[in-house]
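Working notes for the structure below.
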Amino acid sequence: MSRPVLYEAPRSSAAYRARIALNFKGVDYESRPLNLLEGEQQSADYRELNPQGLVPMLEIDGHRLTQSLSIIVYLDQVFPDPPLVPRDPADGAHVRAMALAIACDIHPLNNLRVLRYLKNELGHSQDEVDRWYTHWIAEGLAALEAMAKAGAGRFLFGDEPTIADVCLVPQLFNARRFNCPLDDYPTLVRADENASRLAAFAAAHPDKQQVPA
Ligand SMILES: N[C@@H](CCC(=O)N[C@@H](CS)C(=O)NCC(=O)O)C(=O)O
C-alpha cells in the first residue's frame with residue numbers, strides 16, 4: 001500500500017478526527033493541508049476530487065474517501081485492532097450514536113461556511129454569530145453529557161477510547177476556542193482529558209501539525 005494522503009486543515013475538527021483515527025491505527029500518512037480561510041477547498045481542482053469541497057479527504061489503497069466518520073469506520077474495518085467501535089452490537093450502536101450526535105447534530109451548525117453565511121450573507125453581527133455558536137454547543141453538549149453518563153468510564157464509553165472520543169476531543173477543542181463554558185459537562189471533560197493524553201490524540205492536536213493552526 002502506498003502512503004495514504006490526507007487532505008486536511010489543522011483546525012478543522014472533522015480533519016482532526018481523521019488524524020486521531022489514523023494515528024490510533026498506526027497508519028503513516030502524508031498530510032496535504034488546505035487553507036480553508038483562503039478557500040482552497042473550493043478550488044476547481046479540489047472539487048474535482050471531492051465535490052463537497054470539504055476536508056478531510058483520504059486517499060488510501062486506491063480509494064478516495066470523504067466524510068470523517070466514513071473514513072474512521074473504513075480504518076476500523078481495515079485495521080481492526082485496536083477497535084474504535086465495540087464489537088457488541090448494542091455497545092457499538094451507543095458509541096456511534098454519540099459520535100453522530102457530535103458530527104451530525106453539533107458540528108454542522110457551527111461550521112466555517114455556516115458562520116460565514118450568517119455574517120456575510122445574512123448580515124448578523126459577530127456577537128450574534130457567537131451567540132449562535134454557543135447556543136448550539138451548549139444544547140448539543142448537554143445532550144451528549146446525558147447520553148454518556150451511564151456508560152462512561154475513563155472515556156465516553158467504558159475504559160477504552162472509541163469513535164465517540166475521536167469526535168469529542170476536536171469538538172471540545174473548538175468549544176474552548178470560542179470560550180464556551182464546559183463546567184456543566186464533567187463526564188465529557190473527563191473523557192476529553194484522558195483521551196487527549198493518549199499519543200494518538202496528542203499528535204493529532206492542531207498545534208502539532210506541520211502547518212501552524
Ligand atoms: N461531515 C463532514 C464535515 C466536513 C466539514 O465540514 N469540514 C469543514 C472543516 S471542519 C470544511 O471543510 N469547511 C470548509 C468550508 O466550510 O468551506 C465530515 O465529517 O467530514
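Residue numbering restarts at 1 for every chain of the C-alpha cells, chains are lettered A, B, ... in their displayed order, and ligands are numbered from 1 as they appear.
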### Task
Please identify which residues in chain A DSSP calls helix (DSSP H, G or I) from the backbone, and express them as a PyMOL selection string.
chain A and resi 13-24+40-42+44-49+68-78+89-110+112-121+126-149+163-177+186-197+199-204+206-208
### Query
Do you know which residues are within 6 Å of ligand 1 using only C-alpha atoms and all ligand atoms? Can you write them as a VMD selection string?
chain A and resid 12 to 14 36 54 to 56 67 to 69 103 111 to 113
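If you measure from each of A:Val5, A:Leu22, A:Ile102, A:Ala191 to Arg64 of chain A using only C-alpha atoms, the closest one turns out to be A:Val5.
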### Task
Skip Leu84 of chain A itself and residues of its chain fewer than 3 positions away, then list as a PyMOL selection string all residues within 8 Å of it, counting only C-alpha atoms.
chain A and resi 76+161-163
### Residues within 12 Å of Lys208 of chain A, only C-alpha atoms, excluding chain neighbours under 5 positions, as a list of chain:residue names
A:Ala9, A:Pro10, A:Arg11, A:Tyr16, A:Arg19, A:Ile20, A:Ala199, A:Ala200, A:Phe201, A:Ala202, A:Ala203, A:Ala213
#### Entry: atom CA of Trp136 of chain A to atom CA of Thr187 of chain A, straight-line distance in Å
18.6 Å
### Task
Using DSSP on the backbone coordinates, identify the residues of chain A assigned to strand (DSSP E); present them as a ChimeraX atom specification.
/A:5-8,30-33,57-60,63-66
### Message
Need the shell around Asp184 of chain A: protein/DNA/RNA residues with any atom at most 10 Å away, counting only C-alpha atoms. Skip same-chain ones fewer than 3 positions apart. Format as JSON, numbers by chain?
### Response
{"A": [138, 141, 142, 145, 181, 187, 188, 189]}
For the residues in that selection, give me N, CA and C atoms as a PDB file, in the first residue's frame.
ATOM      1  N   ALA A 138     -23.937  24.462  23.554  1.00  0.00           N
ATOM      2  CA  ALA A 138     -24.485  24.167  24.888  1.00  0.00           C
ATOM      3  C   ALA A 138     -25.597  23.119  24.778  1.00  0.00           C
ATOM      4  N   LEU A 141     -23.919  19.678  23.730  1.00  0.00           N
ATOM      5  CA  LEU A 141     -23.072  19.043  24.754  1.00  0.00           C
ATOM      6  C   LEU A 141     -23.908  18.589  25.952  1.00  0.00           C
ATOM      7  N   ALA A 142     -24.970  19.325  26.272  1.00  0.00           N
ATOM      8  CA  ALA A 142     -25.845  18.897  27.390  1.00  0.00           C
ATOM      9  C   ALA A 142     -26.460  17.528  27.065  1.00  0.00           C
ATOM     10  N   GLU A 145     -23.711  14.873  27.277  1.00  0.00           N
ATOM     11  CA  GLU A 145     -23.379  14.565  28.678  1.00  0.00           C
ATOM     12  C   GLU A 145     -24.389  13.538  29.225  1.00  0.00           C
ATOM     13  N   PRO A 181     -18.385  27.787  28.044  1.00  0.00           N
ATOM     14  CA  PRO A 181     -18.172  27.167  29.357  1.00  0.00           C
ATOM     15  C   PRO A 181     -18.452  25.664  29.307  1.00  0.00           C
ATOM     16  N   THR A 187     -18.570  14.708  32.670  1.00  0.00           N
ATOM     17  CA  THR A 187     -18.256  13.421  32.030  1.00  0.00           C
ATOM     18  C   THR A 187     -17.479  13.653  30.736  1.00  0.00           C
ATOM     19  N   LEU A 188     -17.902  14.657  29.984  1.00  0.00           N
ATOM     20  CA  LEU A 188     -17.230  14.960  28.712  1.00  0.00           C
ATOM     21  C   LEU A 188     -15.813  15.474  28.964  1.00  0.00           C
ATOM     22  N   VAL A 189     -15.684  16.336  29.963  1.00  0.00           N
ATOM     23  CA  VAL A 189     -14.367  16.927  30.252  1.00  0.00           C
ATOM     24  C   VAL A 189     -13.397  15.833  30.721  1.00  0.00           C
TER      25      VAL A 189
END
### Task
Return the single residue from A:Phe79, A:Phe173, A:Tyr7, A:Phe24 that is closest to Gln41 of chain A, with distances computed using only C-alpha atoms.
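Between A:Phe79, A:Phe173, A:Tyr7, A:Phe24, the residue approaching Gln41 of chain A most closely is A:Tyr7.
Near Val211 of chain A, within a cut-off of 10 Å and counting only C-alpha atoms, sit the residues A:Ala9, A:Pro10, A:Ser31, A:Arg32, A:Pro33, A:Leu34, A:Asn35, A:Pro206, A:Asp207, with same-chain residues fewer than 4 positions away left out.
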Expected file: the selected residues, N, CA and C atoms, as a short mmCIF file (atom, residue, chain, number, x, y, z; two decimals), in the first residue's frame:
data_model
loop_
_atom_site.label_atom_id
_atom_site.label_comp_id
_atom_site.auth_asym_id
_atom_site.auth_seq_id
_atom_site.Cartn_x
_atom_site.Cartn_y
_atom_site.Cartn_z
N ALA A 9 -6.97 20.26 7.20
CA ALA A 9 -6.61 21.58 7.71
C ALA A 9 -6.40 21.41 9.21
N PRO A 10 -5.38 22.10 9.76
CA PRO A 10 -5.04 21.84 11.17
C PRO A 10 -6.21 22.02 12.13
N SER A 31 0.34 14.43 5.03
CA SER A 31 -0.66 15.48 5.21
C SER A 31 -0.59 16.47 4.05
N ARG A 32 -1.74 16.78 3.45
CA ARG A 32 -1.81 17.85 2.43
C ARG A 32 -2.75 18.93 2.96
N PRO A 33 -2.21 19.92 3.66
CA PRO A 33 -3.08 20.93 4.25
C PRO A 33 -3.66 21.89 3.20
N LEU A 34 -4.92 22.24 3.36
CA LEU A 34 -5.57 23.26 2.53
C LEU A 34 -5.84 24.47 3.41
N ASN A 35 -5.72 25.65 2.84
CA ASN A 35 -6.02 26.86 3.61
C ASN A 35 -7.52 27.18 3.45
N PRO A 206 -4.21 20.28 16.74
CA PRO A 206 -3.91 21.30 15.72
C PRO A 206 -2.54 21.95 15.89
N ASP A 207 -2.13 22.19 17.13
CA ASP A 207 -0.83 22.86 17.34
C ASP A 207 0.36 21.98 16.98
#
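The smallest atom-to-atom distance between Glu40 of chain A and any of A:Asp81, A:Ile137, A:Lys119, A:Gly53, using only C-alpha atoms, is found for A:Gly53.
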